[in-house]
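Pasting model-v6.pdb here (PDB, C-alpha atoms):
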```pdb
MODEL        1
ATOM      1  CA  MET A   1     149.898  14.574 124.147
ATOM      2  CA  ASN A   2     149.707  17.055 127.043
ATOM      3  CA  THR A   3     152.200  19.903 127.158
ATOM      4  CA  THR A   4     154.402  20.081 130.263
ATOM      5  CA  GLY A   5     156.332  22.948 131.704
ATOM      6  CA  THR A   6     159.641  21.449 130.599
ATOM      7  CA  ASP A   7     158.402  21.449 127.010
ATOM      8  CA  THR A   8     158.091  25.203 126.753
ATOM      9  CA  VAL A   9     160.796  26.761 128.959
ATOM     10  CA  ASP A  10     164.492  27.273 128.350
ATOM     11  CA  SER A  11     167.391  26.079 130.546
ATOM     12  CA  SER A  12     167.037  29.015 132.956
ATOM     13  CA  GLY A  13     163.446  28.087 133.749
ATOM     14  CA  ILE A  14     162.054  31.230 132.097
ATOM     15  CA  PRO A  15     159.578  30.898 129.253
ATOM     16  CA  GLY A  16     161.249  31.953 126.004
ATOM     17  CA  ASN A  17     160.457  32.593 122.391
ATOM     18  CA  GLY A  18     163.815  31.534 120.996
ATOM     19  CA  VAL A  19     164.091  28.199 119.208
ATOM     20  CA  ASP A  20     167.256  26.099 119.147
ATOM     21  CA  VAL A  21     167.914  22.694 117.574
ATOM     22  CA  LEU A  22     166.569  20.807 120.582
ATOM     23  CA  ASP A  23     163.410  22.913 120.491
ATOM     24  CA  VAL A  24     162.878  21.969 116.855
ATOM     25  CA  VAL A  25     163.424  18.288 117.606
ATOM     26  CA  LEU A  26     161.019  18.531 120.536
ATOM     27  CA  ILE A  27     158.315  20.181 118.405
ATOM     28  CA  LEU A  28     158.667  17.514 115.722
ATOM     29  CA  ALA A  29     158.606  14.715 118.307
ATOM     30  CA  LYS A  30     155.386  16.033 119.851
ATOM     31  CA  SER A  31     153.579  16.117 116.483
ATOM     32  CA  ILE A  32     155.292  13.296 114.599
ATOM     33  CA  ARG A  33     152.269  10.994 114.663
ATOM     34  CA  VAL A  34     149.929  13.583 113.154
ATOM     35  CA  MET A  35     152.579  14.741 110.669
ATOM     36  CA  ILE A  36     152.917  11.193 109.361
ATOM     37  CA  ALA A  37     149.309  10.013 109.684
ATOM     38  CA  VAL A  38     147.644  12.911 107.813
ATOM     39  CA  PRO A  39     149.906  12.829 104.697
ATOM     40  CA  LEU A  40     149.706   9.033 104.646
ATOM     41  CA  LEU A  41     145.908   9.221 104.794
ATOM     42  CA  GLY A  42     145.825  11.787 101.981
ATOM     43  CA  PHE A  43     148.191   9.640  99.895
ATOM     44  CA  SER A  44     145.971   6.588 100.394
ATOM     45  CA  ILE A  45     142.754   8.455  99.532
ATOM     46  CA  VAL A  46     144.145   9.979  96.315
ATOM     47  CA  LEU A  47     145.660   6.668  95.229
ATOM     48  CA  ALA A  48     142.387   4.864  95.949
ATOM     49  CA  LEU A  49     140.414   7.405  93.917
ATOM     50  CA  PHE A  50     142.715   6.827  90.958
ATOM     51  CA  PHE A  51     142.304   3.050  91.056
ATOM     52  CA  LEU A  52     138.585   3.058  91.863
ATOM     53  CA  GLN A  53     137.752   5.173  88.826
ATOM     54  CA  PRO A  54     136.145   3.117  86.041
ATOM     55  CA  ALA A  55     138.203   2.455  82.931
ATOM     56  CA  ARG A  56     137.902   5.166  80.289
ATOM     57  CA  PHE A  57     138.731   4.780  76.591
ATOM     58  CA  GLU A  58     139.461   7.673  74.253
ATOM     59  CA  SER A  59     138.838   7.696  70.504
ATOM     60  CA  GLU A  60     140.442  10.362  68.321
ATOM     61  CA  ALA A  61     139.874  11.820  64.843
ATOM     62  CA  LEU A  62     141.462  14.605  62.786
ATOM     63  CA  VAL A  63     139.196  16.955  60.832
ATOM     64  CA  ARG A  64     139.867  20.015  58.691
ATOM     65  CA  MET A  65     137.052  22.526  59.143
ATOM     66  CA  PRO A  66     136.276  26.248  59.553
ATOM     67  CA  VAL A  67     136.362  27.579  63.102
ATOM     68  CA  GLU A  68     132.579  28.190  63.106
ATOM     69  CA  ARG A  69     132.010  24.446  62.726
ATOM     70  CA  THR A  70     133.605  23.919  66.146
ATOM     71  CA  LEU A  71     130.806  26.004  67.660
ATOM     72  CA  LEU A  72     128.262  23.737  65.968
ATOM     73  CA  LEU A  73     129.756  20.743  67.789
ATOM     74  CA  GLN A  74     128.615  22.245  71.104
ATOM     75  CA  SER A  75     125.092  23.226  70.053
ATOM     76  CA  ALA A  76     122.145  21.423  71.654
ATOM     77  CA  SER A  77     120.362  20.614  68.386
ATOM     78  CA  PHE A  78     123.512  19.099  66.869
ATOM     79  CA  LEU A  79     124.234  16.963  69.933
ATOM     80  CA  ASP A  80     120.604  15.833  70.164
ATOM     81  CA  ASP A  81     120.782  14.482  66.614
ATOM     82  CA  ALA A  82     124.109  12.780  67.330
ATOM     83  CA  VAL A  83     122.823  11.225  70.569
ATOM     84  CA  LYS A  84     119.844   9.632  68.803
ATOM     85  CA  THR A  85     122.183   7.215  67.019
ATOM     86  CA  ASN A  86     123.627   5.946  70.311
ATOM     87  CA  GLN A  87     121.097   3.646  71.954
ATOM     88  CA  TRP A  88     123.613   2.518  74.568
ATOM     89  CA  LEU A  89     123.932   6.108  75.774
ATOM     90  CA  LEU A  90     120.188   6.790  75.773
ATOM     91  CA  ALA A  91     119.644   3.602  77.799
ATOM     92  CA  GLN A  92     121.752   5.041  80.638
ATOM     93  CA  TYR A  93     119.578   8.152  81.092
ATOM     94  CA  ASP A  94     115.842   8.624  81.435
ATOM     95  CA  LYS A  95     116.010  12.089  79.830
ATOM     96  CA  GLN A  96     117.576  12.887  76.482
ATOM     97  CA  TYR A  97     119.009  16.183  77.715
ATOM     98  CA  LYS A  98     121.045  14.258  80.308
ATOM     99  CA  ALA A  99     122.475  12.066  77.575
ATOM    100  CA  ARG A 100     123.198  15.200  75.542
ATOM    101  CA  GLU A 101     125.120  16.777  78.429
ATOM    102  CA  LYS A 102     127.090  13.565  78.843
ATOM    103  CA  PHE A 103     127.913  13.729  75.143
ATOM    104  CA  ARG A 104     129.015  17.349  75.492
ATOM    105  CA  LYS A 105     131.270  16.689  78.494
ATOM    106  CA  SER A 106     132.884  13.633  76.903
ATOM    107  CA  LEU A 107     133.812  15.474  73.674
ATOM    108  CA  ARG A 108     136.966  17.562  73.371
ATOM    109  CA  VAL A 109     137.883  19.727  70.369
ATOM    110  CA  VAL A 110     141.535  20.801  70.203
ATOM    111  CA  ASN A 111     142.989  22.977  67.458
ATOM    112  CA  ILE A 112     146.376  22.079  66.003
ATOM    113  CA  SER A 113     148.133  25.424  66.324
ATOM    114  CA  GLY A 114     148.518  27.442  63.148
ATOM    115  CA  THR A 115     146.184  25.262  61.049
ATOM    116  CA  ASP A 116     142.481  24.726  60.374
ATOM    117  CA  ILE A 117     142.821  21.108  61.522
ATOM    118  CA  TYR A 118     141.142  20.009  64.741
ATOM    119  CA  ARG A 119     141.651  16.964  66.931
ATOM    120  CA  LEU A 120     138.315  15.527  68.100
ATOM    121  CA  GLN A 121     138.525  13.295  71.170
ATOM    122  CA  TYR A 122     135.718  11.355  72.790
ATOM    123  CA  MET A 123     135.991   9.376  76.040
ATOM    124  CA  ALA A 124     133.617   6.514  76.930
ATOM    125  CA  ASP A 125     133.430   3.425  79.148
ATOM    126  CA  THR A 126     134.453   1.023  76.379
ATOM    127  CA  ALA A 127     136.630   1.285  73.289
ATOM    128  CA  ALA A 128     133.685   0.404  71.010
ATOM    129  CA  HIS A 129     131.435   3.057  72.562
ATOM    130  CA  ALA A 130     134.123   5.723  72.207
ATOM    131  CA  GLU A 131     134.663   4.915  68.522
ATOM    132  CA  GLN A 132     130.919   4.689  67.833
ATOM    133  CA  ALA A 133     130.173   8.013  69.529
ATOM    134  CA  LEU A 134     132.880   9.888  67.650
ATOM    135  CA  SER A 135     131.781   8.306  64.358
ATOM    136  CA  SER A 136     128.201   9.475  64.926
ATOM    137  CA  ILE A 137     129.469  12.980  65.678
ATOM    138  CA  LEU A 138     131.416  13.086  62.410
ATOM    139  CA  GLU A 139     128.428  11.732  60.453
ATOM    140  CA  GLN A 140     126.195  14.403  61.931
ATOM    141  CA  LEU A 141     128.865  17.041  61.215
ATOM    142  CA  LEU A 142     128.867  16.085  57.520
ATOM    143  CA  VAL A 143     125.060  16.253  57.392
ATOM    144  CA  ALA A 144     124.893  19.600  59.172
ATOM    145  CA  SER A 145     127.595  21.072  56.924
ATOM    146  CA  ARG A 146     125.677  20.364  53.715
ATOM    147  CA  PRO A 147     123.315  23.051  52.389
ATOM    148  CA  SER A 148     119.566  22.628  52.767
ATOM    149  CA  PRO A 149     117.576  21.117  49.853
ATOM    150  CA  ASP A 150     116.351  24.570  48.754
ATOM    151  CA  ARG A 151     119.858  25.976  48.923
ATOM    152  CA  GLN A 152     121.127  22.930  47.047
ATOM    153  CA  GLU A 153     118.742  23.664  44.152
ATOM    154  CA  GLU A 154     119.875  27.299  44.064
ATOM    155  CA  LEU A 155     123.507  26.221  43.923
ATOM    156  CA  LYS A 156     122.756  23.738  41.125
ATOM    157  CA  GLU A 157     121.149  26.480  39.019
ATOM    158  CA  LYS A 158     124.034  28.816  39.787
ATOM    159  CA  LEU A 159     126.560  26.150  38.834
ATOM    160  CA  GLN A 160     124.819  25.404  35.546
ATOM    161  CA  SER A 161     124.749  29.106  34.663
ATOM    162  CA  GLN A 162     128.444  29.423  35.434
ATOM    163  CA  ILE A 163     129.262  26.363  33.319
ATOM    164  CA  ASN A 164     127.278  27.784  30.359
ATOM    165  CA  ILE A 165     129.150  31.079  30.542
ATOM    166  CA  GLN A 166     132.449  29.220  30.912
ATOM    167  CA  GLN A 167     131.751  27.190  27.760
ATOM    168  CA  THR A 168     130.753  30.307  25.810
ATOM    169  CA  LEU A 169     133.904  32.151  26.870
ATOM    170  CA  GLN A 170     135.992  29.132  25.952
ATOM    171  CA  LYS A 171     134.513  29.022  22.420
ATOM    172  CA  VAL A 172     134.971  32.762  21.926
ATOM    173  CA  LEU A 173     138.567  32.505  23.120
ATOM    174  CA  GLU A 174     139.304  29.663  20.713
ATOM    175  CA  ARG A 175     137.793  31.527  17.733
ATOM    176  CA  LEU A 176     139.488  34.788  18.594
ATOM    177  CA  SER A 177     142.853  33.149  19.119
ATOM    178  CA  GLY A 178     142.640  31.411  15.739
ATOM    179  CA  SER A 179     141.679  34.644  13.916
ATOM    180  CA  ILE A 180     144.723  36.669  15.021
ATOM    181  CA  PRO A 181     146.898  37.385  11.932
ATOM    182  CA  VAL A 182     150.600  36.680  12.034
ATOM    183  CA  GLN A 183     151.746  40.156  10.852
ATOM    184  CA  GLU A 184     151.832  42.996  13.362
ATOM    185  CA  ASN A 185     149.232  45.714  12.811
ATOM    186  CA  SER A 186     146.525  47.571  14.752
ATOM    187  CA  PRO A 187     143.832  44.844  14.552
ATOM    188  CA  THR A 188     146.369  42.405  16.006
ATOM    189  CA  ASP A 189     146.820  44.586  19.065
ATOM    190  CA  VAL A 190     143.056  44.853  19.564
ATOM    191  CA  SER A 191     142.586  41.101  19.185
ATOM    192  CA  GLY A 192     145.454  40.442  21.595
ATOM    193  CA  GLN A 193     143.865  42.619  24.268
ATOM    194  CA  ALA A 194     140.525  40.867  23.768
ATOM    195  CA  VAL A 195     142.147  37.460  24.172
ATOM    196  CA  VAL A 196     143.771  38.527  27.456
ATOM    197  CA  ALA A 197     140.502  39.960  28.782
ATOM    198  CA  ILE A 198     138.502  36.844  27.860
ATOM    199  CA  ALA A 199     141.182  34.546  29.292
ATOM    200  CA  ASP A 200     141.102  36.495  32.551
ATOM    201  CA  ALA A 201     137.299  36.285  32.705
ATOM    202  CA  LEU A 202     137.462  32.569  31.951
ATOM    203  CA  GLU A 203     139.881  32.005  34.849
ATOM    204  CA  LYS A 204     137.558  33.875  37.234
ATOM    205  CA  PHE A 205     134.614  31.728  36.185
ATOM    206  CA  ASN A 206     136.706  28.573  36.701
ATOM    207  CA  GLN A 207     137.386  29.686  40.261
ATOM    208  CA  ALA A 208     133.709  30.569  40.777
ATOM    209  CA  ILE A 209     132.683  27.084  39.583
ATOM    210  CA  LEU A 210     135.087  25.472  42.084
ATOM    211  CA  ALA A 211     133.689  27.638  44.883
ATOM    212  CA  THR A 212     130.097  26.685  43.987
ATOM    213  CA  GLU A 213     130.984  22.995  43.852
ATOM    214  CA  THR A 214     132.620  23.306  47.280
ATOM    215  CA  SER A 215     129.491  24.964  48.663
ATOM    216  CA  MET A 216     127.361  22.127  47.317
ATOM    217  CA  LYS A 217     129.554  19.585  49.119
ATOM    218  CA  GLY A 218     129.316  21.522  52.368
ATOM    219  CA  SER A 219     131.816  23.278  54.612
ATOM    220  CA  VAL A 220     133.047  19.863  55.779
ATOM    221  CA  SER A 221     133.211  16.866  53.427
ATOM    222  CA  THR A 222     134.535  13.341  53.689
ATOM    223  CA  SER A 223     137.863  14.496  52.227
ATOM    224  CA  ASP A 224     138.251  16.815  55.237
ATOM    225  CA  ILE A 225     138.294  13.854  57.630
ATOM    226  CA  LEU A 226     142.038  13.318  57.718
ATOM    227  CA  GLN A 227     141.844  10.546  60.313
ATOM    228  CA  ALA A 228     138.800   8.403  61.007
ATOM    229  CA  PRO A 229     137.846   7.721  64.640
ATOM    230  CA  THR A 230     140.308   5.308  66.209
ATOM    231  CA  ARG A 231     139.460   2.363  68.473
ATOM    232  CA  PRO A 232     141.734   2.612  71.528
ATOM    233  CA  ASP A 233     143.646  -0.518  72.514
ATOM    234  CA  GLU A 234     144.192   0.488  76.138
ATOM    235  CA  PRO A 235     142.194   2.543  78.645
ATOM    236  CA  PHE A 236     143.084   6.153  79.294
ATOM    237  CA  PRO A 237     145.560   6.513  82.213
ATOM    238  CA  LYS A 238     143.634   7.057  85.453
ATOM    239  CA  GLY A 239     146.352   8.922  87.287
ATOM    240  CA  SER A 240     149.909   8.627  88.454
ATOM    241  CA  LEU A 241     151.756   7.780  91.619
ATOM    242  CA  ALA A 242     153.511  11.147  91.379
ATOM    243  CA  LYS A 243     150.215  12.989  91.980
ATOM    244  CA  ALA A 244     149.527  10.996  95.142
ATOM    245  CA  ILE A 245     153.059  11.671  96.377
ATOM    246  CA  GLY A 246     152.586  15.371  95.618
ATOM    247  CA  VAL A 247     149.407  15.492  97.698
ATOM    248  CA  ALA A 248     151.183  13.756 100.571
ATOM    249  CA  ALA A 249     154.086  16.226 100.383
ATOM    250  CA  VAL A 250     151.751  19.227 100.485
ATOM    251  CA  LEU A 251     149.887  17.791 103.470
ATOM    252  CA  PHE A 252     153.179  17.121 105.237
ATOM    253  CA  LEU A 253     154.253  20.753 104.806
ATOM    254  CA  ILE A 254     150.873  21.941 106.080
ATOM    255  CA  MET A 255     151.143  19.725 109.160
ATOM    256  CA  LEU A 256     154.723  20.907 109.729
ATOM    257  CA  MET A 257     153.540  24.516 109.762
ATOM    258  CA  TRP A 258     150.666  23.535 112.051
ATOM    259  CA  ALA A 259     153.097  21.929 114.535
ATOM    260  CA  PHE A 260     155.221  25.081 114.834
ATOM    261  CA  VAL A 261     152.195  27.395 115.018
ATOM    262  CA  ARG A 262     150.667  25.235 117.747
ATOM    263  CA  GLU A 263     153.926  25.305 119.720
ATOM    264  CA  ALA A 264     154.140  29.073 119.339
ATOM    265  CA  PHE A 265     150.653  29.495 120.798
ATOM    266  CA  GLN A 266     151.453  27.147 123.668
ATOM    267  CA  ARG A 267     154.581  29.087 124.549
ATOM    268  CA  ALA A 268     152.823  32.432 124.219
ATOM    269  CA  ALA A 269     150.182  31.269 126.706
ATOM    270  CA  LEU A 270     152.839  31.023 129.454
ATOM    271  CA  ASP A 271     153.535  34.780 129.794
ATOM    272  CA  LYS A 272     151.466  37.953 129.873
ATOM    273  CA  GLY A 273     152.960  39.399 126.688
ATOM    274  CA  GLY A 274     152.117  36.267 124.781
ATOM    275  CA  LEU A 275     148.565  36.240 126.114
ATOM    276  CA  LYS A 276     148.099  39.795 124.875
ATOM    277  CA  LYS A 277     149.303  38.764 121.429
ATOM    278  CA  ILE A 278     146.893  35.838 121.378
ATOM    279  CA  GLU A 279     144.089  38.142 122.444
ATOM    280  CA  ARG A 280     144.915  40.575 119.634
ATOM    281  CA  ILE A 281     144.989  37.720 117.102
ATOM    282  CA  ASN A 282     141.545  36.581 118.246
ATOM    283  CA  ARG A 283     140.191  40.120 117.875
ATOM    284  CA  LEU A 284     141.703  40.401 114.421
ATOM    285  CA  LEU A 285     140.116  37.130 113.313
ATOM    286  CA  LYS A 286     136.728  38.218 114.610
ATOM    287  CA  ASN A 287     136.939  41.797 113.336
ATOM    288  CA  PRO A 288     139.811  42.841 111.018
ATOM    289  CA  LEU A 289     139.092  46.532 111.712
ATOM    290  CA  ALA A 290     139.799  46.006 115.403
ATOM    291  CA  PHE A 291     143.491  45.488 114.627
ATOM    292  CA  ARG A 292     143.755  48.895 112.937
ATOM    293  CA  LEU A 293     141.999  50.639 115.806
ATOM    294  CA  ASP A 294     144.212  48.871 118.304
ATOM    295  CA  LYS A 295     147.329  50.127 116.518
TER
ENDMDL
END
```

Can you give me the file's structure in the form of structure tokens?
Amino acid sequence: MNTTGTDTVDSSGIPGNGVDVLDVVLILAKSIRVMIAVPLLGFSIVLALFFLQPARFESEALVRMPVERTLLLQSASFLDDAVKTNQWLLAQYDKQYKAREKFRKSLRVVNISGTDIYRLQYMADTAAHAEQALSSILEQLLVASRPSPDRQEELKEKLQSQINIQQTLQKVLERLSGSIPVQENSPTDVSGQAVVAIADALEKFNQAILATETSMKGSVSTSDILQAPTRPDEPFPKGSLAKAIGVAAVLFLIMLMWAFVREAFQRAALDKGGLKKIERINRLLKNPLAFRLDK
């Protein structure tokens, strides 16, 4: 809409910079179409994007594991092995590394604050694919957490040695405990100290045996999977109407500011002082240093 002289002058016929209620109404009336059309267009686009997105399903599992295992979940070799068990994913990509990157982006690992328990979430196009992908990740995690065959043999030998020493200490403790006389004398004190020392050593070996057995099972075992991958019943929410309304509100505010700025420039163009200001603004936009020199 073209600007007329009556749009930008006050009641005395002299261009002015002051703004009264009628000025505000006039500015809004001149730009009302744009101020409504742009936010409405933004609202429609955002809402359409939400509804046009394909359905996504999220499977979830709970796993207790050391923090270093979470780094393994993002490694290329680990993901490559996990991807190989998902033919439906490999069929979508001509290169395995593309399927691996898709696997990486679809997997989320969230720590439950203050614990060593992690929530693993995987999002796919169907509920079955989401559950299958997360199951393959957990299977690969169990395999990768177990020691290598050579290390397994070393741990077996170590465990057997610890068990032999444990059994020997147990027999010595039983014999020594049965040989302590009832009356109190010096040999009794010596035997009592020996029993305490052997019992303490026996307890340490019991703990060492448990640690070795844990190492043989791996840093993550089936008992650490607190919740198996779930099969989602409904797709993951695509978005909300509130987000679209928020976008429209932001665009409306932007267009409101644009309407007043445009009016200010139109009014400034009607007098010499305003033209000088516009000229200085143009110089500042072209060269910020020019404004400092001009001051």

Item checked: Explicit residue set for the PyMOL selection byres ((chain A and resi 160-163) around 12), as a PyMOL selection string -> chain A and resi 153-159+164-170+201-213

Notebook entry, point to check: Which residues come within 6 Å of Asp224 in chain A, counting only C-alpha atoms, excluding same-chain residues fewer than 2 positions away, as number ranges by chain?
Noted result: A: 63-64, 221-222, 226

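Considering only C-alpha atoms, the residue among A:Ala82, A:Ala128, A:Val220, A:Leu28 positioned nearest to Asp116 in chain A is A:Val220.
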
Next item on the list: Can you work out the spacing between CA of Asp94 in chain A and CA of Leu79 in chain A in Å, to one decimal?
Entry: 16.5 Å

Next item on the list: Considering only C-alpha atoms, state which residue in the set A:Leu47, A:Tyr93, A:Ser145, A:Ile117 is at the smallest distance from Phe78 in chain A.
Entry: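 So, comparing all the options, the nearest one is A:Ser145.
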
For range 238-252 of chain A, take all atoms listed in the file, fit an axis-aligned box around them, add 4 Å to each of the six sides, then output centre and edge lengths in Å rounded to one decimal, as lines of an AutoDock Vina configuration file.
```
center_x = 148.9
center_y = 13.1
center_z = 95.3
size_x = 18.5
size_y = 20.2
size_z = 27.8
```

Next item on the list: Identify all residues satisfying the PyMOL selection byres ((chain A and resi 46) around 10) in the given file; provide them as a list in words.
Entry: Leu41, Gly42, Phe43, Ser44, Ile45, Leu47, Ala48, Leu49, Phe50, Phe51, Leu52, Gly239, Ser240, Leu241, Lys243, Ala244, Ile245, Val247 and Ala248 of chain A

Margin query: Let me make sure I understand: among A:Phe252, A:Phe265, A:Phe57, A:Trp258, which one has the smallest atom-to-atom distance to Glu279 in chain A if we use all atoms listed in the file?
Written below: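 Once distances to Glu279 in chain A are computed over all atoms listed in the file, the minimum belongs to A:Phe265.
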
Checklist line | Nearby residues, (140.3, 22.2, 66.4) file frame, 8 Å, all atoms listed in the file, as a ChimeraX atom specification | finding: /A:63,65,67,70,109-112,116-120

Note to self: Please compute the CA of Met35 in chain A-CA of Gly246 in chain A distance, one decimal, in Å.
What the structure shows: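 Those two atoms sit 15.1 Å apart.
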
Margin query: What does the structure give for the distance between CA of Asp81 in chain A and CA of Glu234 in chain A, in Å to one decimal?
Written below: 28.9 Å

Please complete range 196-213 of chain A with N, CA, C and O atoms and give it back as a tab-separated table (two decimals), in the coordinates of the input.
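Below is the file result-v8.tsv, written as the result:
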```tsv
chain	number	residue	atom	x	y	z
A	196	VAL	N	143.35	38.45	26.05
A	196	VAL	CA	143.77	38.53	27.46
A	196	VAL	C	142.58	38.76	28.38
A	196	VAL	O	142.46	38.13	29.43
A	197	ALA	N	141.67	39.65	27.96
A	197	ALA	CA	140.50	39.96	28.78
A	197	ALA	C	139.59	38.74	28.93
A	197	ALA	O	139.09	38.44	30.03
A	198	ILE	N	139.37	38.02	27.81
A	198	ILE	CA	138.50	36.84	27.86
A	198	ILE	C	139.15	35.72	28.68
A	198	ILE	O	138.49	35.03	29.45
A	199	ALA	N	140.47	35.58	28.52
A	199	ALA	CA	141.18	34.55	29.29
A	199	ALA	C	141.11	34.84	30.79
A	199	ALA	O	140.94	33.92	31.60
A	200	ASP	N	141.20	36.11	31.14
A	200	ASP	CA	141.10	36.49	32.55
A	200	ASP	C	139.69	36.21	33.09
A	200	ASP	O	139.53	35.69	34.20
A	201	ALA	N	138.68	36.55	32.29
A	201	ALA	CA	137.30	36.28	32.70
A	201	ALA	C	137.04	34.79	32.83
A	201	ALA	O	136.34	34.33	33.74
A	202	LEU	N	137.63	34.01	31.91
A	202	LEU	CA	137.46	32.57	31.95
A	202	LEU	C	138.07	31.97	33.23
A	202	LEU	O	137.48	31.09	33.86
A	203	GLU	N	139.24	32.49	33.63
A	203	GLU	CA	139.88	32.01	34.85
A	203	GLU	C	139.03	32.32	36.08
A	203	GLU	O	138.91	31.50	37.00
A	204	LYS	N	138.43	33.50	36.11
A	204	LYS	CA	137.56	33.88	37.23
A	204	LYS	C	136.34	32.97	37.32
A	204	LYS	O	135.91	32.58	38.42
A	205	PHE	N	135.77	32.62	36.17
A	205	PHE	CA	134.61	31.73	36.18
A	205	PHE	C	135.01	30.31	36.61
A	205	PHE	O	134.23	29.60	37.25
A	206	ASN	N	136.23	29.89	36.24
A	206	ASN	CA	136.71	28.57	36.70
A	206	ASN	C	136.79	28.53	38.23
A	206	ASN	O	136.40	27.54	38.85
A	207	GLN	N	137.30	29.60	38.81
A	207	GLN	CA	137.39	29.69	40.26
A	207	GLN	C	136.00	29.74	40.90
A	207	GLN	O	135.76	29.14	41.96
A	208	ALA	N	135.07	30.47	40.25
A	208	ALA	CA	133.71	30.57	40.78
A	208	ALA	C	133.02	29.21	40.75
A	208	ALA	O	132.27	28.85	41.67
A	209	ILE	N	133.27	28.43	39.70
A	209	ILE	CA	132.68	27.08	39.58
A	209	ILE	C	133.21	26.19	40.71
A	209	ILE	O	132.45	25.45	41.35
A	210	LEU	N	134.51	26.27	40.99
A	210	LEU	CA	135.09	25.47	42.08
A	210	LEU	C	134.48	25.86	43.43
A	210	LEU	O	134.19	24.99	44.27
A	211	ALA	N	134.28	27.17	43.63
A	211	ALA	CA	133.69	27.64	44.88
A	211	ALA	C	132.25	27.14	45.04
A	211	ALA	O	131.83	26.75	46.14
A	212	THR	N	131.48	27.16	43.94
A	212	THR	CA	130.10	26.68	43.99
A	212	THR	C	130.05	25.19	44.26
A	212	THR	O	129.21	24.71	45.06
A	213	GLU	N	130.94	24.44	43.62
A	213	GLU	CA	130.98	23.00	43.85
A	213	GLU	C	131.35	22.69	45.31
A	213	GLU	O	130.81	21.75	45.91
```
